[in-house]
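Enquirer: This one is structure_32.pdb, PDB, C-alpha atoms and all ligand atoms.
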ATOM      1  CA  MET N   1      93.844 -46.448 -16.194
ATOM      2  CA  ILE N   2      91.995 -43.735 -18.106
ATOM      3  CA  THR N   3      91.230 -44.380 -21.768
ATOM      4  CA  ILE N   4      89.817 -41.483 -23.755
ATOM      5  CA  GLU N   5      89.016 -42.204 -27.389
ATOM      6  CA  GLN N   6      88.020 -39.498 -29.842
ATOM      7  CA  VAL N   7      86.163 -37.512 -27.186
ATOM      8  CA  SER N   8      84.804 -34.148 -28.253
ATOM      9  CA  LYS N   9      82.379 -31.657 -26.757
ATOM     10  CA  THR N  10      80.345 -28.995 -28.480
ATOM     11  CA  TYR N  11      78.308 -26.454 -26.538
ATOM     12  CA  GLY N  12      75.738 -25.031 -28.953
ATOM     13  CA  LYS N  13      77.915 -24.032 -31.900
ATOM     14  CA  LYS N  14      81.122 -23.848 -29.877
ATOM     15  CA  GLU N  15      83.466 -26.825 -30.159
ATOM     16  CA  ALA N  16      85.129 -26.690 -26.736
ATOM     17  CA  LEU N  17      86.989 -29.952 -27.291
ATOM     18  CA  SER N  18      87.993 -31.386 -30.675
ATOM     19  CA  PRO N  19      88.140 -35.192 -30.931
ATOM     20  CA  LEU N  20      90.853 -36.141 -28.474
ATOM     21  CA  SER N  21      92.422 -39.475 -27.560
ATOM     22  CA  LEU N  22      94.556 -39.999 -24.488
ATOM     23  CA  THR N  23      95.575 -42.938 -22.331
ATOM     24  CA  ILE N  24      96.713 -42.447 -18.754
ATOM     25  CA  SER N  25      98.273 -45.478 -17.090
ATOM     26  CA  ALA N  26      97.387 -46.650 -13.606
ATOM     27  CA  GLY N  27      99.539 -44.839 -11.055
ATOM     28  CA  GLU N  28     100.513 -41.952 -13.343
ATOM     29  CA  CYS N  29     100.281 -38.335 -12.184
ATOM     30  CA  VAL N  30      99.254 -36.185 -15.133
ATOM     31  CA  ALA N  31      98.993 -32.397 -15.248
ATOM     32  CA  LEU N  32      96.395 -31.072 -17.667
ATOM     33  CA  CYS N  33      97.352 -27.548 -18.686
ATOM     34  CA  GLY N  34      96.367 -24.930 -21.243
ATOM     35  CA  GLY N  35      95.187 -21.345 -21.435
ATOM     36  CA  ASN N  36      91.797 -20.064 -20.342
ATOM     37  CA  GLY N  37      89.071 -21.762 -22.361
ATOM     38  CA  ALA N  38      91.409 -24.457 -23.728
ATOM     39  CA  GLY N  39      88.986 -27.229 -22.718
ATOM     40  CA  LYS N  40      90.524 -28.587 -19.510
ATOM     41  CA  SER N  41      87.404 -28.427 -17.330
ATOM     42  CA  THR N  42      85.299 -29.657 -20.242
ATOM     43  CA  LEU N  43      87.446 -32.783 -20.466
ATOM     44  CA  LEU N  44      87.249 -33.343 -16.700
ATOM     45  CA  LYS N  45      83.463 -32.860 -16.788
ATOM     46  CA  ALA N  46      83.227 -35.516 -19.504
ATOM     47  CA  LEU N  47      85.412 -37.875 -17.455
ATOM     48  CA  THR N  48      83.323 -37.361 -14.344
ATOM     49  CA  THR N  49      79.984 -37.779 -16.209
ATOM     50  CA  ILE N  50      78.828 -34.219 -15.478
ATOM     51  CA  HIS N  51      78.662 -33.612 -19.220
ATOM     52  CA  THR N  52      78.043 -36.181 -21.919
ATOM     53  CA  PRO N  53      80.664 -35.969 -24.666
ATOM     54  CA  THR N  54      79.383 -35.107 -28.134
ATOM     55  CA  THR N  55      81.485 -37.923 -29.602
ATOM     56  CA  GLY N  56      83.817 -40.614 -28.336
ATOM     57  CA  THR N  57      84.136 -43.050 -25.473
ATOM     58  CA  ILE N  58      85.792 -43.033 -22.062
ATOM     59  CA  HIS N  59      86.796 -46.014 -19.940
ATOM     60  CA  LEU N  60      88.095 -45.928 -16.377
ATOM     61  CA  ASN N  61      89.970 -49.085 -15.441
ATOM     62  CA  GLY N  62      88.138 -50.807 -18.275
ATOM     63  CA  TYR N  63      84.635 -49.696 -17.207
ATOM     64  CA  ALA N  64      82.460 -47.717 -19.617
ATOM     65  CA  VAL N  65      80.407 -44.725 -18.445
ATOM     66  CA  GLU N  66      77.201 -46.787 -18.608
ATOM     67  CA  GLU N  67      78.521 -49.324 -16.096
ATOM     68  CA  ALA N  68      77.754 -48.784 -12.406
ATOM     69  CA  ALA N  69      81.386 -49.493 -11.464
ATOM     70  CA  TYR N  70      82.560 -46.479 -13.543
ATOM     71  CA  LYS N  71      81.640 -43.988 -10.811
ATOM     72  CA  ARG N  72      83.455 -46.043  -8.187
ATOM     73  CA  GLN N  73      86.732 -45.606 -10.062
ATOM     74  CA  PHE N  74      87.188 -41.897  -9.376
ATOM     75  CA  THR N  75      86.866 -39.127  -6.882
ATOM     76  CA  TYR N  76      86.588 -35.523  -8.103
ATOM     77  CA  MET N  77      87.342 -32.037  -6.906
ATOM     78  CA  PRO N  78      85.481 -29.618  -9.223
ATOM     79  CA  ASP N  79      86.578 -26.000  -9.602
ATOM     80  CA  ASP N  80      83.071 -24.742  -8.882
ATOM     81  CA  LEU N  81      81.766 -26.806  -6.000
ATOM     82  CA  ILE N  82      79.025 -25.003  -4.068
ATOM     83  CA  PHE N  83      78.413 -26.150  -0.503
ATOM     84  CA  PRO N  84      75.121 -25.539   1.320
ATOM     85  CA  ALA N  85      76.192 -22.328   3.057
ATOM     86  CA  GLU N  86      74.042 -22.734   6.175
ATOM     87  CA  LEU N  87      75.631 -26.090   7.032
ATOM     88  CA  THR N  88      78.876 -26.330   8.957
ATOM     89  CA  ALA N  89      82.041 -27.748   7.393
ATOM     90  CA  GLU N  90      81.571 -30.961   9.351
ATOM     91  CA  GLU N  91      77.899 -31.275   8.341
ATOM     92  CA  ASN N  92      78.806 -30.748   4.684
ATOM     93  CA  ILE N  93      81.560 -33.350   4.696
ATOM     94  CA  THR N  94      79.405 -35.828   6.643
ATOM     95  CA  MET N  95      76.611 -35.391   4.097
ATOM     96  CA  MET N  96      79.073 -35.981   1.263
ATOM     97  CA  ALA N  97      80.528 -39.040   2.998
ATOM     98  CA  ASN N  98      77.008 -40.476   3.175
ATOM     99  CA  MET N  99      76.350 -39.662  -0.473
ATOM    100  CA  GLN N 100      79.649 -41.236  -1.535
ATOM    101  CA  GLY N 101      79.268 -44.283   0.721
ATOM    102  CA  ALA N 102      82.486 -43.378   2.559
ATOM    103  CA  PRO N 103      82.845 -44.346   6.233
ATOM    104  CA  VAL N 104      81.823 -41.523   8.617
ATOM    105  CA  SER N 105      85.111 -42.101  10.496
ATOM    106  CA  ARG N 106      86.835 -40.623   7.435
ATOM    107  CA  VAL N 107      85.151 -37.208   7.985
ATOM    108  CA  GLU N 108      87.400 -36.201  10.880
ATOM    109  CA  GLU N 109      90.500 -37.518   9.090
ATOM    110  CA  VAL N 110      89.949 -35.448   5.945
ATOM    111  CA  LEU N 111      89.071 -32.307   7.930
ATOM    112  CA  ASP N 112      92.361 -32.806   9.736
ATOM    113  CA  ILE N 113      94.322 -33.250   6.498
ATOM    114  CA  VAL N 114      93.048 -29.926   5.119
ATOM    115  CA  GLY N 115      93.476 -28.076   8.426
ATOM    116  CA  LEU N 116      89.789 -27.359   9.018
ATOM    117  CA  GLN N 117      89.375 -29.378  12.194
ATOM    118  CA  GLU N 118      89.302 -26.295  14.437
ATOM    119  CA  VAL N 119      86.673 -24.509  12.352
ATOM    120  CA  LYS N 120      84.559 -27.547  11.500
ATOM    121  CA  ALA N 121      81.606 -26.222  13.545
ATOM    122  CA  GLN N 122      81.541 -22.974  11.566
ATOM    123  CA  LYS N 123      78.931 -22.474   8.855
ATOM    124  CA  VAL N 124      80.450 -22.602   5.398
ATOM    125  CA  LYS N 125      79.044 -19.132   4.631
ATOM    126  CA  THR N 126      81.726 -17.743   6.974
ATOM    127  CA  PHE N 127      84.558 -19.409   5.031
ATOM    128  CA  SER N 128      87.150 -17.604   2.915
ATOM    129  CA  LYS N 129      87.895 -18.670  -0.685
ATOM    130  CA  GLY N 130      90.902 -20.709   0.436
ATOM    131  CA  MET N 131      88.892 -22.436   3.180
ATOM    132  CA  HIS N 132      86.203 -23.360   0.601
ATOM    133  CA  GLN N 133      88.912 -24.746  -1.630
ATOM    134  CA  ARG N 134      90.335 -26.875   1.186
ATOM    135  CA  LEU N 135      86.834 -28.149   1.972
ATOM    136  CA  ALA N 136      86.360 -29.117  -1.681
ATOM    137  CA  PHE N 137      89.688 -30.944  -1.520
ATOM    138  CA  ALA N 138      88.608 -32.675   1.722
ATOM    139  CA  GLN N 139      85.500 -34.154   0.068
ATOM    140  CA  SER N 140      87.651 -35.528  -2.766
ATOM    141  CA  LEU N 141      89.702 -37.429  -0.169
ATOM    142  CA  LEU N 142      86.702 -39.155   1.417
ATOM    143  CA  SER N 143      86.717 -42.130  -0.896
ATOM    144  CA  ASP N 144      89.693 -44.318  -1.711
ATOM    145  CA  ALA N 145      88.718 -44.648  -5.383
ATOM    146  CA  PRO N 146      91.792 -45.427  -7.498
ATOM    147  CA  ILE N 147      91.615 -42.275  -9.665
ATOM    148  CA  LEU N 148      91.801 -38.756  -8.220
ATOM    149  CA  ILE N 149      90.602 -35.991 -10.570
ATOM    150  CA  LEU N 150      91.305 -32.435  -9.398
ATOM    151  CA  ASP N 151      90.297 -29.243 -11.208
ATOM    152  CA  GLU N 152      92.701 -26.425 -10.264
ATOM    153  CA  PRO N 153      93.194 -27.765  -6.725
ATOM    154  CA  THR N 154      95.591 -25.029  -5.591
ATOM    155  CA  ASN N 155      93.458 -22.156  -6.901
ATOM    156  CA  GLY N 156      93.061 -19.438  -4.255
ATOM    157  CA  LEU N 157      95.331 -21.089  -1.698
ATOM    158  CA  ASP N 158      98.082 -19.270   0.174
ATOM    159  CA  PRO N 159     101.668 -20.522  -0.282
ATOM    160  CA  TYR N 160     101.549 -22.646   2.867
ATOM    161  CA  TRP N 161      98.416 -24.477   1.703
ATOM    162  CA  VAL N 162      99.681 -24.791  -1.871
ATOM    163  CA  ALA N 163     102.679 -26.674  -0.460
ATOM    164  CA  GLU N 164     100.528 -28.737   1.937
ATOM    165  CA  MET N 165      98.092 -29.709  -0.794
ATOM    166  CA  GLN N 166     100.959 -30.710  -3.076
ATOM    167  CA  LYS N 167     102.311 -32.871  -0.270
ATOM    168  CA  VAL N 168      98.972 -34.632   0.226
ATOM    169  CA  ILE N 169      98.491 -35.203  -3.526
ATOM    170  CA  MET N 170     102.017 -36.611  -3.798
ATOM    171  CA  GLU N 171     101.310 -38.949  -0.882
ATOM    172  CA  GLU N 172      98.182 -40.189  -2.663
ATOM    173  CA  HIS N 173     100.266 -40.680  -5.807
ATOM    174  CA  ALA N 174     102.865 -42.631  -3.805
ATOM    175  CA  LYS N 175     100.068 -44.942  -2.608
ATOM    176  CA  GLY N 176      99.544 -45.860  -6.270
ATOM    177  CA  ARG N 177      96.525 -43.708  -7.091
ATOM    178  CA  THR N 178      96.205 -42.314 -10.590
ATOM    179  CA  ILE N 179      96.093 -38.507 -10.467
ATOM    180  CA  LEU N 180      94.805 -36.135 -13.125
ATOM    181  CA  PHE N 181      94.848 -32.460 -12.172
ATOM    182  CA  THR N 182      94.573 -29.134 -13.950
ATOM    183  CA  THR N 183      96.723 -26.138 -13.163
ATOM    184  CA  HIS N 184      98.039 -22.903 -14.649
ATOM    185  CA  LEU N 185     101.171 -23.107 -12.507
ATOM    186  CA  LEU N 186     104.048 -24.830 -14.282
ATOM    187  CA  PRO N 187     106.289 -25.008 -11.170
ATOM    188  CA  ILE N 188     103.593 -27.240  -9.648
ATOM    189  CA  VAL N 189     103.703 -29.441 -12.746
ATOM    190  CA  GLU N 190     107.505 -29.654 -12.435
ATOM    191  CA  LYS N 191     107.216 -30.735  -8.834
ATOM    192  CA  MET N 192     104.302 -33.137  -9.012
ATOM    193  CA  ALA N 193     103.578 -34.507 -12.454
ATOM    194  CA  ASP N 194     105.000 -37.457 -14.355
ATOM    195  CA  ARG N 195     103.479 -36.123 -17.529
ATOM    196  CA  LEU N 196     102.341 -32.826 -19.019
ATOM    197  CA  VAL N 197      99.293 -32.763 -21.275
ATOM    198  CA  PHE N 198      98.716 -29.313 -22.735
ATOM    199  CA  LEU N 199      95.544 -28.348 -24.565
ATOM    200  CA  ARG N 200      95.193 -25.424 -26.913
ATOM    201  CA  GLU N 201      91.842 -24.305 -28.294
ATOM    202  CA  GLY N 202      90.333 -27.693 -27.536
ATOM    203  CA  GLN N 203      93.149 -29.661 -29.156
ATOM    204  CA  LEU N 204      96.038 -31.674 -27.831
ATOM    205  CA  PHE N 205      99.133 -29.470 -28.220
ATOM    206  CA  ILE N 206     101.700 -31.251 -26.027
ATOM    207  CA  ASP N 207     101.836 -34.680 -24.399
ATOM    208  CA  LYS N 208     105.271 -35.276 -22.835
ATOM    209  CA  SER N 209     106.943 -36.887 -19.837
ATOM    210  CA  VAL N 210     108.109 -34.157 -17.470
ATOM    211  CA  ALA N 211     111.458 -35.580 -16.260
ATOM    212  CA  PRO N 212     113.159 -35.731 -19.700
ATOM    213  CA  LEU N 213     111.975 -32.172 -20.432
ATOM    214  CA  LEU N 214     113.562 -30.920 -17.225
ATOM    215  CA  GLU N 215     116.857 -32.544 -18.227
ATOM    216  CA  ARG N 216     116.863 -30.456 -21.406
ATOM    217  CA  TYR N 217     115.237 -27.234 -20.226
ATOM    218  CA  SER N 218     115.742 -25.211 -17.076
ATOM    219  CA  SER N 219     111.957 -24.958 -16.671
ATOM    220  CA  LEU N 220     108.714 -25.990 -18.352
ATOM    221  CA  ASP N 221     108.161 -22.292 -19.048
ATOM    222  CA  ASP N 222     111.276 -22.336 -21.257
ATOM    223  CA  TYR N 223     110.087 -25.489 -23.008
ATOM    224  CA  LEU N 224     106.620 -24.091 -23.711
ATOM    225  CA  PHE N 225     108.061 -20.800 -24.920
ATOM    226  CA  GLU N 226     110.179 -22.751 -27.424
ATOM    227  CA  GLN N 227     107.157 -24.740 -28.646
ATOM    228  CA  TYR N 228     105.202 -21.534 -29.292
ATOM    229  CA  LYS N 229     108.225 -19.990 -31.058
ATOM    230  CA  LYS N 230     108.605 -23.072 -33.290
ATOM    231  CA  GLU N 231     104.957 -22.871 -34.238
ATOM    232  CA  ARG N 232     105.202 -19.237 -35.272
ATOM    233  CA  SER N 233     108.391 -19.681 -37.331
TER     234      SER N 233
HETATM  235  N1  LIG E 301      78.396 -24.834 -20.174
HETATM  236  C1  LIG E 301      78.977 -24.215 -21.196
HETATM  237  N2  LIG E 301      78.236 -23.657 -22.177
HETATM  238  C2  LIG E 301      78.809 -23.039 -23.230
HETATM  239  N3  LIG E 301      80.153 -22.920 -23.410
HETATM  240  C3  LIG E 301      80.932 -23.454 -22.462
HETATM  241  C4  LIG E 301      80.402 -24.121 -21.312
HETATM  242  N4  LIG E 301      81.436 -24.543 -20.550
HETATM  243  C5  LIG E 301      82.556 -24.147 -21.181
HETATM  244  N5  LIG E 301      82.259 -23.505 -22.322
HETATM  245  C6  LIG E 301      83.224 -22.978 -23.303
HETATM  246  O1  LIG E 301      84.051 -24.061 -23.681
HETATM  247  C7  LIG E 301      85.408 -23.625 -23.812
HETATM  248  C8  LIG E 301      86.290 -24.461 -22.896
HETATM  249  O2  LIG E 301      85.974 -24.129 -21.556
HETATM  250  P1  LIG E 301      86.651 -24.858 -20.310
HETATM  251  O3  LIG E 301      85.941 -24.381 -19.085
HETATM  252  O4  LIG E 301      86.713 -26.295 -20.565
HETATM  253  O5  LIG E 301      88.129 -24.254 -20.378
HETATM  254  P2  LIG E 301      89.335 -24.360 -19.350
HETATM  255  O6  LIG E 301      90.510 -24.832 -20.136
HETATM  256  O7  LIG E 301      88.935 -25.170 -18.182
HETATM  257  O8  LIG E 301      89.540 -22.839 -18.984
HETATM  258  P3  LIG E 301      90.015 -22.083 -17.627
HETATM  259  O9  LIG E 301      91.488 -22.220 -17.557
HETATM  260  O10 LIG E 301      89.600 -20.667 -17.896
HETATM  261  O11 LIG E 301      89.276 -22.689 -16.469
HETATM  262  C9  LIG E 301      85.418 -22.143 -23.512
HETATM  263  O12 LIG E 301      85.343 -21.434 -24.730
HETATM  264  C10 LIG E 301      84.147 -21.920 -22.709
HETATM  265  O13 LIG E 301      83.624 -20.637 -22.910
END
For the file at hand, write its structure as structure tokens.

Expert:
Amino acid sequence: MITIEQVSKTYGKKEALSPLSLTISAGECVALCGGNGAGKSTLLKALTTIHTPTTGTIHLNGYAVEEAAYKRQFTYMPDDLIFPAELTAEENITMMANMQGAPVSRVEEVLDIVGLQEVKAQKVKTFSKGMHQRLAFAQSLLSDAPILILDEPTNGLDPYWVAEMQKVIMEEHAKGRTILFTTHLLPIVEKMADRLVFLREGQLFIDKSVAPLLERYSSLDDYLFEQYKKERS
């Protein structure tokens, strides 16, 4: 369970996130959407302790940020992960497994899941954008922490890998893990998410269950278009 209470973030004079409260139940799959600069990554960075919120509190499965158990509750795929370029894919993932306290046996499994087994001996500097992205996803699968936090996981992937990654995330969801991911692609939200949380200019704009919306609208695009129209009228 993720409990966010009145969390805000200000960078200098810029309020990237206005005080925001949100509860995500254990086992839910939530898509965090919104335009460029809406505050999605800022919220994920607060959740993952990369940034300290300006105000508010966050609990993961009841643990506060200050408690050691907090960091054991989640695994995270950032949108800007930089790997040591001179190390191979396997060396990078092994190093991360050691840092995360994950069993080394898991390294080969995750490289397999993301289809990098055959190129695992290649230095990361030779990798394409999509291969980097799959490696970042692989490291997020090392630990079996109950909450999986993914920042634009399908960014830069070709259609085959978009579908494969969706499949893996849905399998993790089916195992009971709580998933919070950001995306700009509403068809992915339709396919994967139980719930759509949409930020606009650092504020909560929409928080709705996806299935009932898809009973009323032919797509989430149509629903969002209507919300914007309502606002302007
Ligand atoms: N380290 C930082 N210093 C100053 N401003 C920042 C910093 N990080 C983000 N911002 C600003 O905070 C706002 C929210 O940014 P954030 O990266 O959270 O948006 P986002 O919703 O993830 O956007 P995108 O879809 O483009 O990735 C933006 O106006 C951005 O310029």

Enquirer: Please enumerate the residues selected by the PyMOL selection byres (((not hetatm)) within 6 of (chain E and resi 301)) when evaluated against the supplied file, formatted as a list in words.

Expert: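 Evaluating the PyMOL selection byres (((not hetatm)) within 6 of (chain E and resi 301)) on this file yields Tyr11, Ala16, Gly34, Gly35, Asn36, Gly37, Ala38, Gly39, Lys40, Ser41 and Thr42 of chain N.
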
Enquirer: Check which residues satisfy the PyMOL selection byres (((chain N and resi 118-135) around 7) and not hetatm) in the file shown, then give them as an mmCIF file with C-alpha atoms, in the frame of the given file.

Expert:
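Output contents, as saved in selection.cif:
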data_model
loop_
_atom_site.group_PDB
_atom_site.id
_atom_site.type_symbol
_atom_site.label_atom_id
_atom_site.label_comp_id
_atom_site.auth_asym_id
_atom_site.auth_seq_id
_atom_site.Cartn_x
_atom_site.Cartn_y
_atom_site.Cartn_z
ATOM 1 C CA ALA N 85 76.192 -22.328 3.057
ATOM 2 C CA GLU N 86 74.042 -22.734 6.175
ATOM 3 C CA LEU N 87 75.631 -26.090 7.032
ATOM 4 C CA THR N 88 78.876 -26.330 8.957
ATOM 5 C CA ALA N 89 82.041 -27.748 7.393
ATOM 6 C CA GLU N 90 81.571 -30.961 9.351
ATOM 7 C CA VAL N 114 93.048 -29.926 5.119
ATOM 8 C CA LEU N 116 89.789 -27.359 9.018
ATOM 9 C CA GLN N 117 89.375 -29.378 12.194
ATOM 10 C CA ALA N 136 86.360 -29.117 -1.681
ATOM 11 C CA PHE N 137 89.688 -30.944 -1.520
ATOM 12 C CA ALA N 138 88.608 -32.675 1.722
ATOM 13 C CA GLN N 139 85.500 -34.154 0.068
ATOM 14 C CA GLY N 156 93.061 -19.438 -4.255
ATOM 15 C CA LEU N 157 95.331 -21.089 -1.698
#

Enquirer: Counting all atoms listed in the file, which of N:His59, N:Lys45, N:Arg72, N:Arg106 gets nearest to N:Thr3?

Expert: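 Going through N:His59, N:Lys45, N:Arg72, N:Arg106 one by one, the smallest distance to N:Thr3 is for N:His59.
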
Enquirer: Give me, as a Markdown table, the closest atom pair and its distance (Å, one decimal) for every residue of stretch 21-92 of chain N within a cut-off of 9 Å of stretch 190-197 of chain N, counting all atoms listed in the file, rows sorted by chain and rising number.

Expert:
| residue | atom | partner | partner_atom | distance |
| --- | --- | --- | --- | --- |
| N:Glu28 | CA | N:Asp194 | CA | 6.4 |
| N:Cys29 | CA | N:Ala193 | CA | 5.1 |
| N:Val30 | CA | N:Arg195 | CA | 4.9 |
| N:Ala31 | CA | N:Leu196 | CA | 5.1 |
| N:Leu32 | CA | N:Val197 | CA | 4.9 |
| N:Cys33 | CA | N:Val197 | CA | 6.1 |
| N:Gly34 | CA | N:Val197 | CA | 8.4 |

Enquirer: Would you mind reading off the distance between atom CA of N:Gly101 and atom CA of N:Ser143, one decimal, in Å?

Expert: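 So the two atoms, atom CA of N:Gly101 and atom CA of N:Ser143, lie 7.9 Å apart.
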
Enquirer: Output, as AutoDock Vina command-line options, the centre and edge lengths in Å (one decimal) of the axis-aligned box that contains all listed atoms of stretch 163-174 of chain N with 8 Å of margin on each side.

Expert:
--center_x 100.5 --center_y -34.7 --center_z -1.9 --size_x 20.8 --size_y 32.0 --size_z 23.7

Enquirer: Just the number, please: distance in Å from atom CA of N:Pro53 to atom CA of N:Gln6, one decimal.

Expert: 9.7 Å

Enquirer: So which one's closest to N:Asp222, N:Leu60, N:Pro187, N:Phe83, N:Ser21? Using only C-alpha atoms, please.

Expert: N:Pro187

Enquirer: In Å, rounded to a single decimal, give me how far atom CA of N:Thr183 is from atom CA of N:Gln227.

Expert: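 So the answer is 18.7 Å.
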
Enquirer: What would the selection look like, as a VMD selection string, if the PyMOL selection byres (((chain N and resi 151) around 9) and not hetatm) were run on the coordinates I just shared?

Expert: chain N and resid 40 to 41 44 76 to 80 149 to 150 152 to 155 180 to 183

Enquirer: Counting all atoms listed in the file, which of N:Gly115, N:Thr10, N:Asn61, N:Leu204 gets nearest to N:Ala26?

Expert: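 Under the stated criterion, the closest residue is N:Asn61.
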
Enquirer: Let me make sure I understand: among N:Val168, N:Ala211, N:Leu81, N:Ala163, which one has the smallest atom-to-atom distance to N:Ile188 if we use only C-alpha atoms?

Expert: N:Ala163

Enquirer: Between N:Asp158, N:Glu201, N:Glu164, N:Glu91, single out the one closest to N:Ile113, counting only C-alpha atoms.

Expert: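 Answer, going by the shortest atom-to-atom distance: N:Glu164.
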
Enquirer: Output stretch 205-221 of chain N from the block with C-alpha atoms, as a short mmCIF file (atom, residue, chain, number, x, y, z; two decimals), in the first residue's frame?

Expert:
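Printed below is part23.cif as written:
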data_model
loop_
_atom_site.label_atom_id
_atom_site.label_comp_id
_atom_site.auth_asym_id
_atom_site.auth_seq_id
_atom_site.Cartn_x
_atom_site.Cartn_y
_atom_site.Cartn_z
CA PHE N 205 -6.76 16.29 -12.25
CA ILE N 206 -8.25 12.79 -12.56
CA ASP N 207 -8.30 9.74 -10.29
CA LYS N 208 -10.59 7.04 -11.74
CA SER N 209 -10.90 3.28 -12.11
CA VAL N 210 -10.18 2.35 -15.72
CA ALA N 211 -12.74 -0.45 -16.31
CA PRO N 212 -15.88 1.67 -15.66
CA LEU N 213 -14.48 4.41 -17.93
CA LEU N 214 -14.02 1.93 -20.75
CA GLU N 215 -17.64 0.83 -20.37
CA ARG N 216 -18.75 4.41 -21.02
CA TYR N 217 -16.12 5.61 -23.49
CA SER N 218 -14.61 3.91 -26.51
CA SER N 219 -11.14 4.98 -25.32
CA LEU N 220 -9.41 6.90 -22.54
CA ASP N 221 -8.50 9.47 -25.19
#
